[in-house]
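**Q** This is the structure I have questions about; it appears just below.
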Amino acid sequence: MTYENTSMFAALAAAAEDRIIFDLAGIEDSYDTLLRELPGLSVRFAMKACPVDEVLSCLADKGAGFDAASPHEMAQALRTGVPVERIHYGNTIKSDRHIIEAYRLGIRDFATDSLEDVTAIARHAPGARVFCRLATEGDGALWGLGNKFGCSPADAVRVLETAREMGLTPSGLSVHVGSQQMTAEAWRSAVERLADVLEVLDRRGISLDHVNLGGGLPALGYLDKRGRPLDPPTDKIFAVIREGMQQLREIPGHQLDFIVEPGRYLVADHGAIRAHVSRLSARQKLNGERQYWLYLSCGKFNGLYEMDELQYRLVFPSHPDAASVPAVVAGPTCDSDDAYAHEHGLVQVPRAAASGDPVWVLSCGAYATSYMTQGFNGFTPLPYTCVPGEGGGPPGPRHQVPPPGAGTSREGTRK
């Protein structure tokens, strides 16, 4: 599968110290696959999934734009040399100050989902284009994202009519079906909702030029909380999206282009962490049972934030085919939340694992850097290395500096 590749494993084997490794060639391959499966759409990479300069430049060179959630992200995107027209302000939650800063940077495409927000855009970003985010249930996704963002179809019509009255250009609609969406039906339901709103807007004399299908495309290399492989029906998902695009194109009154905002789909399976064993220990629980714990040098607060809803695949290169014991996997911090599920998330680990042994954590390229704290409990952010893609020279190690607020937000951020 795509998350097991020789270049990544070679880079992991060569790393003598802990670090995150990104395979740029793998990211490029995922981008090419996406465009083959969904021809005719534009990609706006969800920067929050992997705000690493080399990754962003790699995607910009392939023709991607960026879904930015703050002026900080916009400035980082612009440093790749991407045309400003390929960056949109995808966050429906923004202060007056941030709208002003974004407009000053040249951003002209703004997401919205409320009358209050669209009024502020009209005041501080005159003449801008707005696309309205519809709410979805998020059923079938590991993270539903159904509460913080999005409005009802009726509200969307009101928002876009108000935008027109205030001198803005009502340009599009967007949806997000939930992060790591495991069903094709989620997109089918979203298309039906989009179609209903497009038909109403046509009757109101509002013609849109694009639909943004958001994020949610799943990565392949995860395990669920019980350690079972997640097997998303990607072929069916792509087929439903293609059918939905054709259905929406046939609605009169609109000349629609399509945008998608992948995050984890592009980067998750092409990032891995070279970590090490801090300790394998056994302790008797209050019920008398003895339980093994494998403490790693990285955990929820320095690279593996999503361990609350999934398991990352582990490789123990110095213990191939060794006798194993079932253990709870945990990070190194003094925080009880820094661990896999205790009851059903046990992992088979080598009984001979000793402090200092290398451990490879696979399919953690999404959110490994952006959710990393700046040093919780004194465990510093991991440096990263990029395996070059097409035409790239071998970059040296880099030290990741998380953006302000990294490691603090939860709902509504994942793609």
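Ordering of the structure tokens sets the chain letters (A, B, ...), residue numbers begin anew at 1 in every chain, and ligands are numbered from 1 in the order given.
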Can you pull out every residue within 12 Å of Gly356 of chain A, counting only C-alpha atoms, but drop anything in the same chain fewer than 4 positions away, and send it as a PDB file with C-alpha atoms, in the first residue's frame?
**A**
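selection-v4.pdb, freshly written:
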ATOM      1  CA  ALA A  16      19.914   8.170  13.992  1.00  0.00           C
ATOM      2  CA  GLU A  17      17.761  10.561  16.037  1.00  0.00           C
ATOM      3  CA  ASP A  18      14.057  11.193  16.413  1.00  0.00           C
ATOM      4  CA  ARG A 274      11.485   7.905  13.692  1.00  0.00           C
ATOM      5  CA  ALA A 275      10.925   7.603  17.449  1.00  0.00           C
ATOM      6  CA  HIS A 276      12.427   5.378  20.124  1.00  0.00           C
ATOM      7  CA  VAL A 277      11.348   3.312  23.079  1.00  0.00           C
ATOM      8  CA  SER A 278      11.446   5.164  26.371  1.00  0.00           C
ATOM      9  CA  ARG A 279      10.470   2.107  28.398  1.00  0.00           C
ATOM     10  CA  LEU A 280       8.475  -1.123  28.223  1.00  0.00           C
ATOM     11  CA  TYR A 295       6.193   4.411  26.432  1.00  0.00           C
ATOM     12  CA  LEU A 296       7.453   6.076  23.250  1.00  0.00           C
ATOM     13  CA  SER A 297       9.578   9.185  22.913  1.00  0.00           C
ATOM     14  CA  PHE A 316      10.190  -2.185  15.461  1.00  0.00           C
ATOM     15  CA  SER A 318      15.534  -4.006  15.603  1.00  0.00           C
ATOM     16  CA  ALA A 352      12.527  -7.586  24.301  1.00  0.00           C
TER      17      ALA A 352
END
**Q** Which residues of segment 8-127 of chain A have any atom within 12 Å of an atom in segment 302-307 of chain A when counting only C-alpha atoms, and what is the closest pair of atoms for each, with the distance in Å to one decimal? Order the rows by chain and rising number and write it as CSV.
**A**
residue,atom,partner,partner_atom,distance
A:Asp18,CA,A:Gly303,CA,10.9
A:Arg19,CA,A:Gly303,CA,9.5
A:Ile20,CA,A:Gly303,CA,8.1
A:Ile21,CA,A:Gly303,CA,11.4
A:Ala49,CA,A:Glu306,CA,11.7
A:Cys50,CA,A:Gly303,CA,11.5
**Q** Could you turn the residues from that selection into a file that holds N, CA, C and O atoms, as a PDB file, in the first residue's frame?
**A**
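As a result, part_38.pdb now contains:
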ATOM      1  N   ASP A  18      15.484  11.015  16.663  1.00  0.00           N
ATOM      2  CA  ASP A  18      14.057  11.193  16.413  1.00  0.00           C
ATOM      3  C   ASP A  18      13.806  12.352  15.455  1.00  0.00           C
ATOM      4  O   ASP A  18      14.406  13.431  15.596  1.00  0.00           O
ATOM      5  N   ARG A  19      12.886  12.148  14.537  1.00  0.00           N
ATOM      6  CA  ARG A  19      12.481  13.205  13.615  1.00  0.00           C
ATOM      7  C   ARG A  19      11.261  12.752  12.831  1.00  0.00           C
ATOM      8  O   ARG A  19      10.956  11.555  12.743  1.00  0.00           O
ATOM      9  N   ILE A  20      10.583  13.728  12.227  1.00  0.00           N
ATOM     10  CA  ILE A  20       9.500  13.459  11.282  1.00  0.00           C
ATOM     11  C   ILE A  20      10.098  13.456   9.886  1.00  0.00           C
ATOM     12  O   ILE A  20      10.957  14.288   9.564  1.00  0.00           O
ATOM     13  N   ILE A  21       9.645  12.532   9.059  1.00  0.00           N
ATOM     14  CA  ILE A  21      10.137  12.441   7.685  1.00  0.00           C
ATOM     15  C   ILE A  21       8.948  12.524   6.738  1.00  0.00           C
ATOM     16  O   ILE A  21       7.951  11.810   6.915  1.00  0.00           O
ATOM     17  N   ALA A  49      -3.212  20.818   7.747  1.00  0.00           N
ATOM     18  CA  ALA A  49      -2.828  19.416   7.840  1.00  0.00           C
ATOM     19  C   ALA A  49      -1.321  19.224   7.854  1.00  0.00           C
ATOM     20  O   ALA A  49      -0.828  18.254   8.441  1.00  0.00           O
ATOM     21  N   CYS A  50      -0.581  20.143   7.214  1.00  0.00           N
ATOM     22  CA  CYS A  50       0.871  19.969   7.147  1.00  0.00           C
ATOM     23  C   CYS A  50       1.521  21.292   6.728  1.00  0.00           C
ATOM     24  O   CYS A  50       1.925  21.462   5.574  1.00  0.00           O
TER      25      CYS A  50
END
**Q** What gap, in Å, lies between atom CA of Gly106 of chain A and atom CA of Leu217 of chain A?
**A**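 Interatomic distance here is 28.9 Å.
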**Q** Using backbone DSSP assignments, extract all helix (DSSP H, G or I) residues from segment 168-276 of chain A; output them as a count of residues only.
**A** 42
**Q** Which is closest to Ile100 of chain A among A:Cys132, A:Val82, A:Ala120, A:Ala46, if we use only C-alpha atoms?
**A** A:Ala120
**Q** Any idea what the distance is between atom CA of Lys225 of chain A and atom CA of Gly375 of chain A?
**A**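 Answer for the atom CA of Lys225 of chain A to atom CA of Gly375 of chain A separation: 26.2 Å.
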**Q** Report as a ChimeraX atom specification all protein, DNA and RNA residues lying within 8 Å of Asp231 of chain A, evaluated on only C-alpha atoms, omitting residues in the same chain fewer than 2 positions from it.
**A** /A:182,220,229,233
**Q** Could you save the residues just selected, with N, CA and C atoms, as a PDB file, in the first residue's frame?
**A**
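File produced: result_2.pdb:
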ATOM      1  N   MET A 182     -15.415   7.822   5.930  1.00  0.00           N
ATOM      2  CA  MET A 182     -15.281   6.415   5.549  1.00  0.00           C
ATOM      3  C   MET A 182     -16.425   5.914   4.684  1.00  0.00           C
ATOM      4  N   LEU A 220      -5.086   6.032   3.887  1.00  0.00           N
ATOM      5  CA  LEU A 220      -5.209   4.576   3.782  1.00  0.00           C
ATOM      6  C   LEU A 220      -4.539   3.799   4.908  1.00  0.00           C
ATOM      7  N   PRO A 229      -7.383  -2.455  10.746  1.00  0.00           N
ATOM      8  CA  PRO A 229      -7.126  -1.548   9.620  1.00  0.00           C
ATOM      9  C   PRO A 229      -8.392  -0.835   9.177  1.00  0.00           C
ATOM     10  N   PRO A 233     -13.593   3.089   1.288  1.00  0.00           N
ATOM     11  CA  PRO A 233     -13.944   2.711  -0.087  1.00  0.00           C
ATOM     12  C   PRO A 233     -13.599   3.833  -1.066  1.00  0.00           C
TER      13      PRO A 233
END
**Q** With only C-alpha atoms as the basis for distance, which of A:Pro262, A:Pro326, A:Gly140, A:Gly365 is at the shortest distance from Gly65 of chain A?
**A**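 Using only C-alpha atoms, Gly65 of chain A sits closest to A:Pro262.
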**Q** So which one's closest to Gln247 of chain A, A:Val260, A:Ile273, A:Val191, A:Cys298? Using only C-alpha atoms, please.
**A** A:Val191
**Q** By how many Å are atom CA of Ser42 of chain A and atom CA of Ala111 of chain A apart?
**A**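 A separation of 16.3 Å between them.
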**Q** Can you pull out the residues contacting Ala219 of chain A? Cut-off 8 Å, using only C-alpha atoms, and skip same-chain residues under 2 positions away; I want them as a list of chain:residue names.
**A** A:Gln180, A:Leu217, A:Gly221, A:Tyr222, A:Pro232, A:Arg264, A:Tyr265, A:Leu266, A:Ala268, A:Asp269
